[in-house]
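Have a look at protein_29.cif below; it lists mmCIF, C-alpha atoms.
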```cif
data_input
loop_
_atom_site.label_atom_id
_atom_site.label_comp_id
_atom_site.auth_asym_id
_atom_site.auth_seq_id
_atom_site.Cartn_x
_atom_site.Cartn_y
_atom_site.Cartn_z
CA MET A 1002 10.52 99.87 17.00
CA TYR A 1003 7.43 102.05 17.21
CA GLU A 1004 7.26 102.40 13.40
CA ILE A 1005 7.69 98.68 12.85
CA ILE A 1006 4.79 97.80 15.15
CA ALA A 1007 2.59 100.51 13.64
CA GLU A 1008 3.36 99.10 10.19
CA ILE A 1009 2.47 95.57 11.29
CA SER A 1010 -0.83 96.86 12.69
CA ARG A 1011 -1.62 98.55 9.40
CA TRP A 1012 -0.97 95.43 7.34
CA ALA A 1013 -2.41 92.79 9.67
CA ILE A 1014 -6.03 92.86 8.54
CA PRO A 1015 -5.52 93.38 4.79
CA LEU A 1016 -3.04 90.49 4.78
CA THR A 1017 -5.43 88.26 6.75
CA LEU A 1018 -8.14 89.13 4.26
CA LEU A 1019 -5.85 88.17 1.39
CA LEU A 1020 -4.15 85.06 2.75
CA VAL A 1021 -7.02 83.29 4.52
CA PRO A 1022 -9.31 82.98 1.45
CA LEU A 1023 -6.29 82.04 -0.70
CA ALA A 1024 -5.30 79.28 1.73
CA ALA A 1025 -8.91 78.08 1.81
CA VAL A 1026 -9.13 77.91 -1.99
CA LEU A 1027 -5.92 75.87 -2.12
CA ARG A 1028 -7.54 73.38 0.28
CA GLY A 1029 -10.52 73.10 -2.03
CA VAL A 1030 -12.93 75.03 0.20
CA PRO A 1031 -15.86 76.69 -1.62
CA VAL A 1032 -14.84 80.10 -0.25
CA PHE A 1033 -17.94 82.15 -0.92
CA GLU A 1034 -20.31 79.54 0.50
CA ALA A 1035 -18.15 78.96 3.54
CA PHE A 1036 -17.85 82.69 4.25
CA VAL A 1037 -21.61 83.21 4.03
CA GLU A 1038 -22.25 80.22 6.25
CA GLY A 1039 -19.91 81.60 8.92
CA ALA A 1040 -21.17 85.16 8.66
CA GLY A 1041 -24.74 83.91 9.04
CA GLU A 1042 -24.10 83.29 12.72
CA GLY A 1043 -23.03 86.91 13.27
CA PHE A 1044 -26.53 88.24 13.81
CA ALA A 1045 -27.51 85.72 16.48
CA THR A 1046 -24.21 86.16 18.31
CA ALA A 1047 -24.54 89.94 18.46
CA ILE A 1048 -28.22 89.89 19.45
CA LYS A 1049 -27.54 87.41 22.23
CA THR A 1050 -25.36 89.97 24.02
CA ILE A 1051 -28.18 92.55 24.31
CA PRO A 1052 -29.77 91.54 27.65
CA TYR A 1053 -26.39 91.18 29.36
CA LEU A 1054 -25.15 94.53 28.11
CA VAL A 1055 -28.43 96.23 29.01
CA ALA A 1056 -28.14 94.98 32.59
CA MET A 1057 -24.54 96.11 32.95
CA LEU A 1058 -24.76 99.44 31.14
CA VAL A 1059 -27.90 100.46 33.05
CA ALA A 1060 -26.07 99.94 36.35
CA ILE A 1061 -23.01 101.85 35.12
CA SER A 1062 -25.07 104.70 33.68
CA VAL A 1063 -27.08 105.10 36.90
CA PHE A 1064 -23.88 104.93 38.96
CA ARG A 1065 -22.36 107.80 37.01
CA ALA A 1066 -25.44 110.02 36.68
CA SER A 1067 -26.59 109.72 40.31
CA GLY A 1068 -23.43 111.28 41.72
CA ALA A 1069 -22.52 107.99 43.42
CA MET A 1070 -19.22 107.88 41.56
CA GLU A 1071 -18.45 111.45 42.58
CA LEU A 1072 -19.16 110.54 46.22
CA MET A 1073 -16.89 107.54 46.03
CA VAL A 1074 -14.09 109.69 44.59
CA GLN A 1075 -14.46 112.27 47.37
CA THR A 1076 -14.42 109.59 50.06
CA LEU A 1077 -11.39 107.78 48.70
CA SER A 1078 -9.18 110.68 47.61
CA PRO A 1079 -7.74 111.78 51.01
CA ALA A 1080 -6.49 108.27 51.69
CA LEU A 1081 -5.04 107.94 48.20
CA ASN A 1082 -3.31 111.30 48.39
CA LEU A 1083 -1.33 109.93 51.34
CA ILE A 1084 0.25 107.23 49.17
CA GLY A 1085 1.18 109.67 46.42
CA PHE A 1086 -1.77 108.99 44.16
CA PRO A 1087 -3.15 112.25 42.76
CA ALA A 1088 -6.88 112.60 43.46
CA GLU A 1089 -7.49 114.12 40.02
CA VAL A 1090 -6.86 110.74 38.40
CA LEU A 1091 -9.22 108.75 40.64
CA PRO A 1092 -12.39 109.21 38.53
CA HIS A 1093 -10.46 107.72 35.65
CA ALA A 1094 -9.27 104.79 37.75
CA ILE A 1095 -12.83 104.02 38.85
CA MET A 1096 -14.32 104.46 35.38
CA ARG A 1097 -11.68 102.50 33.45
CA PRO A 1098 -13.03 98.99 34.21
CA LEU A 1099 -16.63 100.12 33.68
CA SER A 1100 -16.73 102.17 30.49
CA GLY A 1101 -13.99 102.65 27.93
CA GLY A 1102 -15.62 105.68 26.35
CA ALA A 1103 -16.22 107.48 29.66
CA ALA A 1104 -12.66 106.77 30.83
CA LEU A 1105 -11.26 108.09 27.57
CA GLY A 1106 -13.35 111.24 28.04
CA ILE A 1107 -11.92 111.76 31.53
CA ALA A 1108 -8.38 111.11 30.26
CA THR A 1109 -8.79 113.60 27.41
CA ASP A 1110 -10.10 116.20 29.82
CA LEU A 1111 -7.17 115.69 32.24
CA ILE A 1112 -4.63 115.87 29.40
CA ALA A 1113 -6.22 119.09 28.15
CA THR A 1114 -6.28 120.64 31.64
CA HIS A 1115 -2.88 119.58 32.97
CA GLY A 1116 -0.96 119.16 29.71
CA PRO A 1117 0.12 115.82 28.20
CA ASP A 1118 3.66 116.05 29.56
CA SER A 1119 2.69 116.85 33.16
CA PHE A 1120 2.85 114.09 35.78
CA ILE A 1121 -0.94 113.72 35.73
CA GLY A 1122 -0.95 113.73 31.91
CA GLN A 1123 1.67 110.97 31.70
CA LEU A 1124 -0.03 108.97 34.45
CA VAL A 1125 -3.53 109.06 32.96
CA SER A 1126 -2.12 108.27 29.49
CA THR A 1127 -0.36 105.21 30.91
CA MET A 1128 -3.49 104.14 32.79
CA GLN A 1129 -5.70 104.51 29.73
CA GLY A 1130 -3.43 102.39 27.56
CA SER A 1131 -2.52 99.66 30.02
CA THR A 1132 -5.84 98.11 30.98
CA ASP A 1133 -9.10 97.12 29.39
CA THR A 1134 -12.74 97.74 30.23
CA THR A 1135 -12.96 94.68 32.46
CA PHE A 1136 -16.69 94.76 33.25
CA TYR A 1137 -17.72 95.47 29.68
CA VAL A 1138 -15.53 92.68 28.28
CA LEU A 1139 -16.74 90.15 30.86
CA THR A 1140 -20.39 91.05 30.23
CA LEU A 1141 -20.03 90.95 26.46
CA TYR A 1142 -17.95 87.77 26.21
CA PHE A 1143 -19.89 85.75 28.77
CA GLY A 1144 -23.18 87.13 27.46
CA SER A 1145 -22.46 85.97 23.92
CA VAL A 1146 -22.50 82.33 25.07
CA GLY A 1147 -25.27 82.74 27.64
CA ILE A 1148 -23.14 82.53 30.77
CA SER A 1149 -24.39 84.42 33.81
CA ARG A 1150 -22.30 82.82 36.57
CA TYR A 1151 -18.81 84.30 36.22
CA ARG A 1152 -17.21 82.43 39.17
CA TYR A 1153 -13.89 84.14 39.95
CA ALA A 1154 -13.41 85.96 36.62
CA ILE A 1155 -14.24 89.34 38.17
CA ILE A 1156 -11.72 88.82 40.97
CA SER A 1157 -8.81 88.14 38.60
CA GLY A 1158 -9.90 91.00 36.33
CA LEU A 1159 -10.09 93.53 39.15
CA ALA A 1160 -6.87 92.28 40.76
CA ALA A 1161 -5.15 92.93 37.43
CA ASP A 1162 -6.72 96.40 37.19
CA LEU A 1163 -5.54 97.35 40.67
CA THR A 1164 -2.05 96.05 39.96
CA THR A 1165 -1.91 97.99 36.71
CA LEU A 1166 -2.99 101.13 38.55
CA ALA A 1167 -0.30 100.75 41.23
CA ALA A 1168 2.31 99.85 38.61
CA SER A 1169 1.35 102.92 36.52
CA VAL A 1170 1.82 105.28 39.48
CA PHE A 1171 5.12 103.61 40.34
CA ILE A 1172 6.63 103.62 36.85
CA VAL A 1173 5.43 107.11 35.89
CA GLN A 1174 6.96 108.47 39.09
CA LYS A 1175 10.21 106.66 38.31
CA VAL A 1176 10.40 107.68 34.65
CA PHE A 1177 8.89 111.15 34.60
CA GLY A 1178 9.29 112.20 38.24
CA ALA A 1179 6.47 113.23 40.58
CA GLY A 1180 6.89 116.94 39.89
CA GLY A 1181 5.96 118.84 36.75
CA MET B 918 -20.31 88.02 43.00
CA VAL B 919 -21.54 89.84 39.90
CA ASN B 920 -25.01 89.80 41.50
CA TYR B 921 -23.78 91.79 44.50
CA ILE B 922 -21.72 94.26 42.47
CA TRP B 923 -24.65 94.91 40.18
CA LEU B 924 -27.18 95.29 42.98
CA GLY B 925 -24.73 97.36 45.03
CA MET B 926 -24.19 99.84 42.20
CA ILE B 927 -27.90 100.33 41.66
CA VAL B 928 -28.92 100.56 45.33
CA PHE B 929 -26.04 102.90 46.20
CA SER B 930 -26.79 105.12 43.19
CA ILE B 931 -30.48 105.44 44.01
CA LEU B 932 -29.74 106.24 47.66
CA VAL B 933 -27.21 108.91 46.68
CA ALA B 934 -29.53 110.50 44.11
CA GLY B 935 -32.48 110.38 46.54
CA ALA B 936 -30.49 111.97 49.37
CA ASP B 937 -29.29 114.60 46.94
CA GLY B 938 -32.84 115.46 45.89
CA ARG B 939 -32.23 114.56 42.25
CA ILE B 940 -33.95 111.22 42.01
CA GLU B 941 -35.27 112.11 38.54
CA VAL B 942 -31.82 111.55 36.95
CA ILE B 943 -32.08 107.80 37.67
CA THR B 944 -34.89 107.11 35.22
CA ARG B 945 -33.19 108.93 32.38
CA ALA B 946 -29.79 107.39 33.12
CA ALA B 947 -31.27 103.88 33.24
CA LEU B 948 -32.95 104.29 29.87
CA GLU B 949 -29.84 105.85 28.38
CA GLY B 950 -27.76 102.91 29.59
CA ALA B 951 -30.21 100.42 28.06
CA ASN B 952 -30.23 102.36 24.83
CA ASN B 953 -26.43 102.39 24.65
CA ALA B 954 -26.33 98.65 25.28
CA VAL B 955 -28.67 97.89 22.38
CA LYS B 956 -26.74 100.24 20.09
CA THR B 957 -23.45 98.59 21.03
CA SER B 958 -24.83 95.13 20.31
CA LEU B 959 -26.35 96.19 17.00
CA ASN B 960 -23.07 97.81 15.96
CA LEU B 961 -21.37 94.51 16.65
CA ILE B 962 -23.49 92.65 14.08
CA ALA B 963 -21.45 93.87 11.11
CA ILE B 964 -17.96 93.18 12.43
CA ILE B 965 -18.95 89.88 14.03
CA ALA B 966 -20.59 88.64 10.82
CA PHE B 967 -17.52 89.68 8.81
CA TRP B 968 -14.99 88.02 11.11
CA LEU B 969 -17.10 84.90 11.58
CA GLY B 970 -17.04 84.56 7.80
CA ILE B 971 -13.27 84.91 7.65
CA MET B 972 -12.82 82.56 10.61
CA ARG B 973 -14.94 79.90 8.91
CA LEU B 974 -12.56 80.06 5.95
CA ALA B 975 -9.53 79.96 8.25
CA GLU B 976 -10.93 76.92 10.01
CA ALA B 977 -11.79 75.13 6.78
CA ALA B 978 -8.28 75.83 5.49
CA GLY B 979 -6.80 74.31 8.66
CA LEU B 980 -5.17 77.60 9.65
CA VAL B 981 -6.76 77.82 13.10
CA ARG B 982 -5.49 74.36 14.00
CA ALA B 983 -2.06 75.20 12.62
CA LEU B 984 -1.94 78.31 14.78
CA ALA B 985 -3.06 76.35 17.83
CA ARG B 986 -0.27 73.84 17.17
CA LEU B 987 2.29 76.63 16.84
CA VAL B 988 1.59 78.08 20.27
CA ARG B 989 1.02 74.75 22.02
CA PRO B 990 3.87 75.11 24.54
CA LEU B 991 2.26 78.29 25.83
CA THR B 992 -1.37 77.20 25.75
CA ARG B 993 -0.61 73.85 27.37
CA LEU B 994 0.51 75.79 30.45
CA LEU B 995 -2.34 78.28 30.44
CA PHE B 996 -5.22 76.05 29.30
CA PRO B 997 -4.52 72.55 30.60
CA GLY B 998 -8.21 71.59 30.26
CA VAL B 999 -8.50 72.34 26.53
CA PRO B 1000 -7.56 69.51 24.14
CA LYS B 1001 -4.39 70.33 22.23
CA GLU B 1002 -4.91 71.78 18.76
CA HIS B 1003 -8.54 72.57 19.54
CA PRO B 1004 -9.84 75.51 17.41
CA ALA B 1005 -10.63 77.40 20.65
CA LEU B 1006 -6.90 77.86 21.21
CA GLY B 1007 -6.41 79.26 17.72
CA ALA B 1008 -9.20 81.78 18.32
CA VAL B 1009 -7.77 82.69 21.74
CA ILE B 1010 -4.38 83.41 20.18
CA MET B 1011 -5.93 85.43 17.34
CA ASN B 1012 -7.89 87.50 19.87
CA LEU B 1013 -4.80 88.22 21.96
CA SER B 1014 -2.73 89.06 18.86
CA ALA B 1015 -5.40 91.50 17.66
CA ASN B 1016 -5.41 93.06 21.13
CA ILE B 1017 -1.63 93.40 21.11
CA LEU B 1018 -1.70 95.07 17.71
CA GLY B 1019 -4.48 97.38 18.88
CA LEU B 1020 -7.00 96.04 16.34
CA GLY B 1021 -10.05 96.41 18.58
CA ASN B 1022 -12.52 95.77 15.76
CA ALA B 1023 -11.02 92.39 15.02
CA ALA B 1024 -10.25 91.47 18.62
CA THR B 1025 -13.87 91.41 19.81
CA PRO B 1026 -15.23 88.98 17.18
CA MET B 1027 -12.20 86.69 17.63
CA GLY B 1028 -12.84 86.77 21.37
CA LEU B 1029 -16.50 85.86 20.92
CA ILE B 1030 -15.51 82.99 18.61
CA ALA B 1031 -13.05 81.78 21.24
CA MET B 1032 -15.84 81.88 23.83
CA GLN B 1033 -18.15 79.86 21.55
CA GLU B 1034 -15.46 77.23 21.08
CA LEU B 1035 -14.77 77.13 24.82
CA GLN B 1036 -18.49 76.81 25.50
CA LYS B 1037 -18.57 73.71 23.25
CA LEU B 1038 -16.05 72.18 25.67
CA ASN B 1039 -18.18 73.08 28.70
CA ARG B 1040 -19.20 69.78 30.26
CA GLY B 1041 -20.88 71.35 33.27
CA ASP B 1042 -23.71 73.83 33.64
CA PRO B 1043 -23.99 75.87 30.39
CA LYS B 1044 -24.65 79.02 32.42
CA THR B 1045 -21.50 78.73 34.52
CA ALA B 1046 -18.05 79.86 33.35
CA THR B 1047 -15.39 77.16 32.89
CA ASP B 1048 -11.78 77.35 34.10
CA ALA B 1049 -10.54 77.97 30.56
CA MET B 1050 -13.00 80.84 30.06
CA CYS B 1051 -11.86 82.52 33.27
CA THR B 1052 -8.21 82.19 32.22
CA PHE B 1053 -8.98 83.54 28.76
CA LEU B 1054 -10.80 86.56 30.16
CA ALA B 1055 -8.07 87.20 32.73
CA LEU B 1056 -5.59 87.32 29.84
CA ASN B 1057 -7.89 89.33 27.61
CA THR B 1058 -8.85 92.06 30.08
CA SER B 1059 -5.26 92.60 31.20
CA CYS B 1060 -3.77 92.24 27.77
CA LEU B 1061 -0.92 94.26 26.41
CA THR B 1062 -1.43 96.76 23.63
CA LEU B 1063 1.96 97.53 22.16
CA ILE B 1064 0.84 100.88 20.81
CA PRO B 1065 -1.99 102.70 22.59
CA SER B 1066 -2.72 104.68 19.42
CA THR B 1067 -5.86 106.49 20.66
CA ILE B 1068 -4.14 108.05 23.63
CA ILE B 1069 -1.04 108.86 21.57
CA GLY B 1070 -3.32 110.72 19.16
CA ILE B 1071 -4.87 112.72 21.99
CA ARG B 1072 -1.43 113.60 23.36
CA LEU B 1073 -0.33 114.71 19.91
CA MET B 1074 -3.44 116.88 19.63
CA HIS B 1075 -2.51 118.63 22.88
CA ASN B 1076 1.04 119.36 21.68
CA SER B 1077 2.95 116.80 23.70
CA ALA B 1078 6.73 117.08 23.28
CA ASP B 1079 6.87 113.29 22.97
CA PRO B 1080 3.44 111.71 22.43
CA ALA B 1081 4.80 108.14 22.36
CA ALA B 1082 6.78 108.62 25.61
CA ILE B 1083 4.14 106.62 27.48
CA VAL B 1084 4.61 103.44 25.41
CA GLY B 1085 7.33 102.16 27.74
CA THR B 1086 5.43 102.92 30.95
CA THR B 1087 2.27 101.42 29.47
CA ILE B 1088 4.03 98.18 28.59
CA PHE B 1089 5.52 97.98 32.08
CA ALA B 1090 2.16 98.56 33.80
CA THR B 1091 0.38 96.07 31.54
CA ALA B 1092 3.04 93.41 32.09
CA CYS B 1093 2.57 93.77 35.87
CA GLY B 1094 -1.21 93.55 35.53
CA MET B 1095 -1.06 90.55 33.22
CA SER B 1096 1.28 88.62 35.52
CA VAL B 1097 -1.02 89.23 38.47
CA ALA B 1098 -4.06 88.25 36.38
CA ILE B 1099 -2.49 84.90 35.48
CA LEU B 1100 -1.36 84.33 39.06
CA VAL B 1101 -4.71 85.22 40.65
CA ASP B 1102 -6.51 83.11 38.04
CA ARG B 1103 -4.41 80.09 39.02
CA VAL B 1104 -4.88 80.63 42.74
CA MET B 1105 -8.65 81.19 42.43
CA ARG B 1106 -9.03 78.14 40.20
CA PHE B 1107 -7.28 76.07 42.84
CA ILE B 1108 -9.47 77.50 45.64
CA TYR B 1109 -12.69 76.96 43.67
CA HIS B 1110 -11.73 73.38 42.92
CA LEU B 1111 -10.99 72.72 46.59
CA ARG B 1112 -14.45 73.98 47.43
CA GLY B 1113 -15.86 71.93 44.56
CA ARG B 1114 -17.38 74.89 42.73
#
```

I'd like the structure from this file rewritten - as structure tokens, please.
Amino acid sequence: MYEIIAEISRWAIPLTLLLVPLAAVLRGVPVFEAFVEGAGEGFATAIKTIPYLVAMLVAISVFRASGAMELMVQTLSPALNLIGFPAEVLPHAIMRPLSGGAALGIATDLIATHGPDSFIGQLVSTMQGSTDTTFYVLTLYFGSVGISRYRYAIISGLAADLTTLAASVFIVQKVFGAGG
Amino acid sequence: MVNYIWLGMIVFSILVAGADGRIEVITRAALEGANNAVKTSLNLIAIIAFWLGIMRLAEAAGLVRALARLVRPLTRLLFPGVPKEHPALGAVIMNLSANILGLGNAATPMGLIAMQELQKLNRGDPKTATDAMCTFLALNTSCLTLIPSTIIGIRLMHNSADPAAIVGTTIFATACGMSVAILVDRVMRFIYHLRGR
């Protein structure tokens, strides 16, 4: 199963690159011209995201560097320990929706310290793979079309993140056991 | 809401740093954040241009519409406000598929294309998110990756006995998150419509 999916992932883009232009030619599309015309919008789309990303990444960067995140972790960890959530993993849980790179750094560090097959190692691996960088994605996607009023998008995104977190703790305990 | 989260993060951070006697880190961190943002956007130019080119071909060949037609039973449930066979739905599906396959480089441009198409359908204020956009982002941010290859690589590097052991738990956790995302999206949409927002 694993190999099949990995193989599909490897072939997906080369095949797209082969079949899409072929299909376009068969429909009589001037492929080179059409490609250039589409690609021409790439610059504007990317540039448009700058102010939104600057706003969000400045807040995230300041939050991390100031020690505010550390303080939040210290305040929350006793309560979380009570429900069987290891405090070591909390910085990752807080960072995951904000910055993919920073969360991956924390996960790598935890795996190196506790070992990949320890409870904490399995838990942080599951957490890293099961959710996306909610704030970054919202900022980037909305920013690219000039939307600054997100309505309830953050609520659904964070509700999903919290659920994923709880589900990760639950399933890793069930599958790998809380010990180790 | 994003206004309060943003302001809260900044105010809280400055208070903490000030109380800690290390207020000087704020200035550097702020500039670093801004710098990273610009770099990220500039790095996106290449992949977005490339995928926009391919997508233009796919659209001209009728492939995006064909894809949208193929997944209509699903999208009719999730995106009732989007006209059937609209290119936005094709782009949404391509973004989610790229996510599932773990093709991050392709997923982002597809997602931005989907947003552009959804924005064309926005009949209200162009600065306010539509229902369909909120649903799309709820799906996107909670989306399943079948193989979390980065983390498997890191586990392998640290001599895990079974690096891929977490695939099953990851899929379980993601499925829970995705179900809640869809549910909360529906409930919030309903509440916002009641309030007329």

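Across the structure, CA of Gly938 (chain B) and CA of Phe1064 (chain A) are spaced 15.5 Å apart.
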
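Taking all atoms listed in the file into account, Ile1071 (chain B) lies nearest to A:Val1125 out of the set A:Leu1019, A:Val1138, A:Val1125, A:Ile1048.
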
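The environment of region 1033-1037 of chain B within 9 Å, counting all atoms listed in the file and disregarding residues fewer than 5 places along the same chain, consists of Ser1145 and Val1146 of chain A; Val999, His1003, Pro1004, Ala1005, Leu1006, Ala1008, Gly1028, Pro1043, Ala1046, Thr1047, Ala1049 and Met1050 of chain B.
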
### Query
Could you write out as a PyMOL selection string the residues that the PyMOL selection byres ((chain B and resi 988) around 12) matches in the shown file?
chain B and resi 981-987+989-996+1001-1003+1006-1011+1014

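Candidate residues B:Ile1017, B:Met1027, B:Leu969, B:Ile964 were compared for distance to chain A, and the nearest is B:Leu969, using all atoms listed in the file.
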
### Message
If we count only C-alpha atoms and set the cut-off at 7 Å, which residues sit around Thr1164 (chain A), ignoring sequence neighbours fewer than 4 positions away in its own chain? Please answer as number ranges by chain.
### Response
A: 1160, 1168; B: 1093-1094

## Note on the structure
Using only C-alpha atoms, the shortest atom-to-atom distance to Ile1006 (chain A) among B:Leu1020, B:Asp1048, B:Asn1039, B:His1075 belongs to B:Leu1020

### Task
Can you give me, as an MDAnalysis selection string, the residues this file yields under the PyMOL selection byres ((chain A) within 6 of (chain B))?
chainID A and resid 1010 1021 1024:1025 1028 1036 1039:1040 1043:1044 1047 1051 1054:1055 1058:1060 1062:1064 1067 1069 1117:1118 1127 1130:1133 1135 1142 1148:1151 1154 1157:1158 1161 1164:1165 1168:1169

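From CA of Arg1112 (chain B) back to CA of Ile1155 (chain A), the distance works out to 17.9 Å.
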
### Selection near Gln1075 (chain A), 12 Å with only C-alpha atoms, sequence-local residues under 3 positions removed, as a ChimeraX atom specification
/A:1068-1072,1078-1082,1088-1092,1095

### Query
CA of Leu1020 (chain A) and CA of Thr1046 (chain A) are how many Å apart?
25.4 Å

Hits from the PyMOL selection byres ((chain A and resi 1107) around 9), listed as a compact mmCIF listing (two decimals) with C-alpha atoms, in the coordinates of the input:
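Result saved to selection00.txt:
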```txt
# COMPACT_ATOMS: atom_id res chain seq x y z
CA VAL A 1090 -6.86 110.74 38.40
CA PRO A 1092 -12.39 109.21 38.53
CA HIS A 1093 -10.46 107.72 35.65
CA MET A 1096 -14.32 104.46 35.38
CA GLY A 1102 -15.62 105.68 26.35
CA ALA A 1103 -16.22 107.48 29.66
CA ALA A 1104 -12.66 106.77 30.83
CA LEU A 1105 -11.26 108.09 27.57
CA GLY A 1106 -13.35 111.24 28.04
CA ALA A 1108 -8.38 111.11 30.26
CA THR A 1109 -8.79 113.60 27.41
CA ASP A 1110 -10.10 116.20 29.82
CA LEU A 1111 -7.17 115.69 32.24
CA ILE A 1112 -4.63 115.87 29.40
CA VAL A 1125 -3.53 109.06 32.96
```

### Thr1134 (chain A) environment, 8 Å, only C-alpha atoms, sequence neighbours closer than 4 positions dropped, as an NGL selection string
(:A and (1097-1101 or 1138)) or (:B and (1058))

Kindly output region 1065-1076 of chain B as a PDB file, keeping the file's coordinate frame, after building N, CA, C and O atoms.
```pdb
ATOM      1  N   PRO B1065      -0.683 102.110  22.264  1.00  0.00           N
ATOM      2  CA  PRO B1065      -1.990 102.700  22.590  1.00  0.00           C
ATOM      3  C   PRO B1065      -2.244 103.896  21.680  1.00  0.00           C
ATOM      4  O   PRO B1065      -2.028 105.045  22.059  1.00  0.00           O
ATOM      5  N   SER B1066      -2.705 103.628  20.449  1.00  0.00           N
ATOM      6  CA  SER B1066      -2.720 104.680  19.420  1.00  0.00           C
ATOM      7  C   SER B1066      -3.715 105.789  19.736  1.00  0.00           C
ATOM      8  O   SER B1066      -3.459 106.943  19.410  1.00  0.00           O
ATOM      9  N   THR B1067      -4.864 105.451  20.364  1.00  0.00           N
ATOM     10  CA  THR B1067      -5.860 106.490  20.660  1.00  0.00           C
ATOM     11  C   THR B1067      -5.264 107.555  21.574  1.00  0.00           C
ATOM     12  O   THR B1067      -5.362 108.752  21.309  1.00  0.00           O
ATOM     13  N   ILE B1068      -4.643 107.097  22.645  1.00  0.00           N
ATOM     14  CA  ILE B1068      -4.140 108.050  23.630  1.00  0.00           C
ATOM     15  C   ILE B1068      -2.937 108.818  23.054  1.00  0.00           C
ATOM     16  O   ILE B1068      -2.764 110.001  23.328  1.00  0.00           O
ATOM     17  N   ILE B1069      -2.149 108.160  22.215  1.00  0.00           N
ATOM     18  CA  ILE B1069      -1.040 108.860  21.570  1.00  0.00           C
ATOM     19  C   ILE B1069      -1.588 109.991  20.685  1.00  0.00           C
ATOM     20  O   ILE B1069      -1.066 111.103  20.671  1.00  0.00           O
ATOM     21  N   GLY B1070      -2.676 109.708  19.991  1.00  0.00           N
ATOM     22  CA  GLY B1070      -3.320 110.720  19.160  1.00  0.00           C
ATOM     23  C   GLY B1070      -3.780 111.917  19.975  1.00  0.00           C
ATOM     24  O   GLY B1070      -3.588 113.070  19.576  1.00  0.00           O
ATOM     25  N   ILE B1071      -4.383 111.633  21.131  1.00  0.00           N
ATOM     26  CA  ILE B1071      -4.870 112.720  21.990  1.00  0.00           C
ATOM     27  C   ILE B1071      -3.707 113.551  22.515  1.00  0.00           C
ATOM     28  O   ILE B1071      -3.768 114.775  22.574  1.00  0.00           O
ATOM     29  N   ARG B1072      -2.603 112.876  22.869  1.00  0.00           N
ATOM     30  CA  ARG B1072      -1.430 113.600  23.360  1.00  0.00           C
ATOM     31  C   ARG B1072      -0.837 114.492  22.264  1.00  0.00           C
ATOM     32  O   ARG B1072      -0.426 115.619  22.511  1.00  0.00           O
ATOM     33  N   LEU B1073      -0.837 113.964  21.063  1.00  0.00           N
ATOM     34  CA  LEU B1073      -0.330 114.710  19.910  1.00  0.00           C
ATOM     35  C   LEU B1073      -1.175 115.972  19.707  1.00  0.00           C
ATOM     36  O   LEU B1073      -0.669 117.071  19.482  1.00  0.00           O
ATOM     37  N   MET B1074      -2.499 115.786  19.825  1.00  0.00           N
ATOM     38  CA  MET B1074      -3.440 116.880  19.630  1.00  0.00           C
ATOM     39  C   MET B1074      -3.191 118.006  20.646  1.00  0.00           C
ATOM     40  O   MET B1074      -3.406 119.172  20.357  1.00  0.00           O
ATOM     41  N   HIS B1075      -2.749 117.626  21.841  1.00  0.00           N
ATOM     42  CA  HIS B1075      -2.510 118.630  22.880  1.00  0.00           C
ATOM     43  C   HIS B1075      -1.037 119.025  22.959  1.00  0.00           C
ATOM     44  O   HIS B1075      -0.550 119.405  24.017  1.00  0.00           O
ATOM     45  N   ASN B1076      -0.332 118.883  21.820  1.00  0.00           N
ATOM     46  CA  ASN B1076       1.040 119.360  21.680  1.00  0.00           C
ATOM     47  C   ASN B1076       2.028 118.754  22.670  1.00  0.00           C
ATOM     48  O   ASN B1076       2.835 119.473  23.266  1.00  0.00           O
TER      49      ASN B1076
END
```
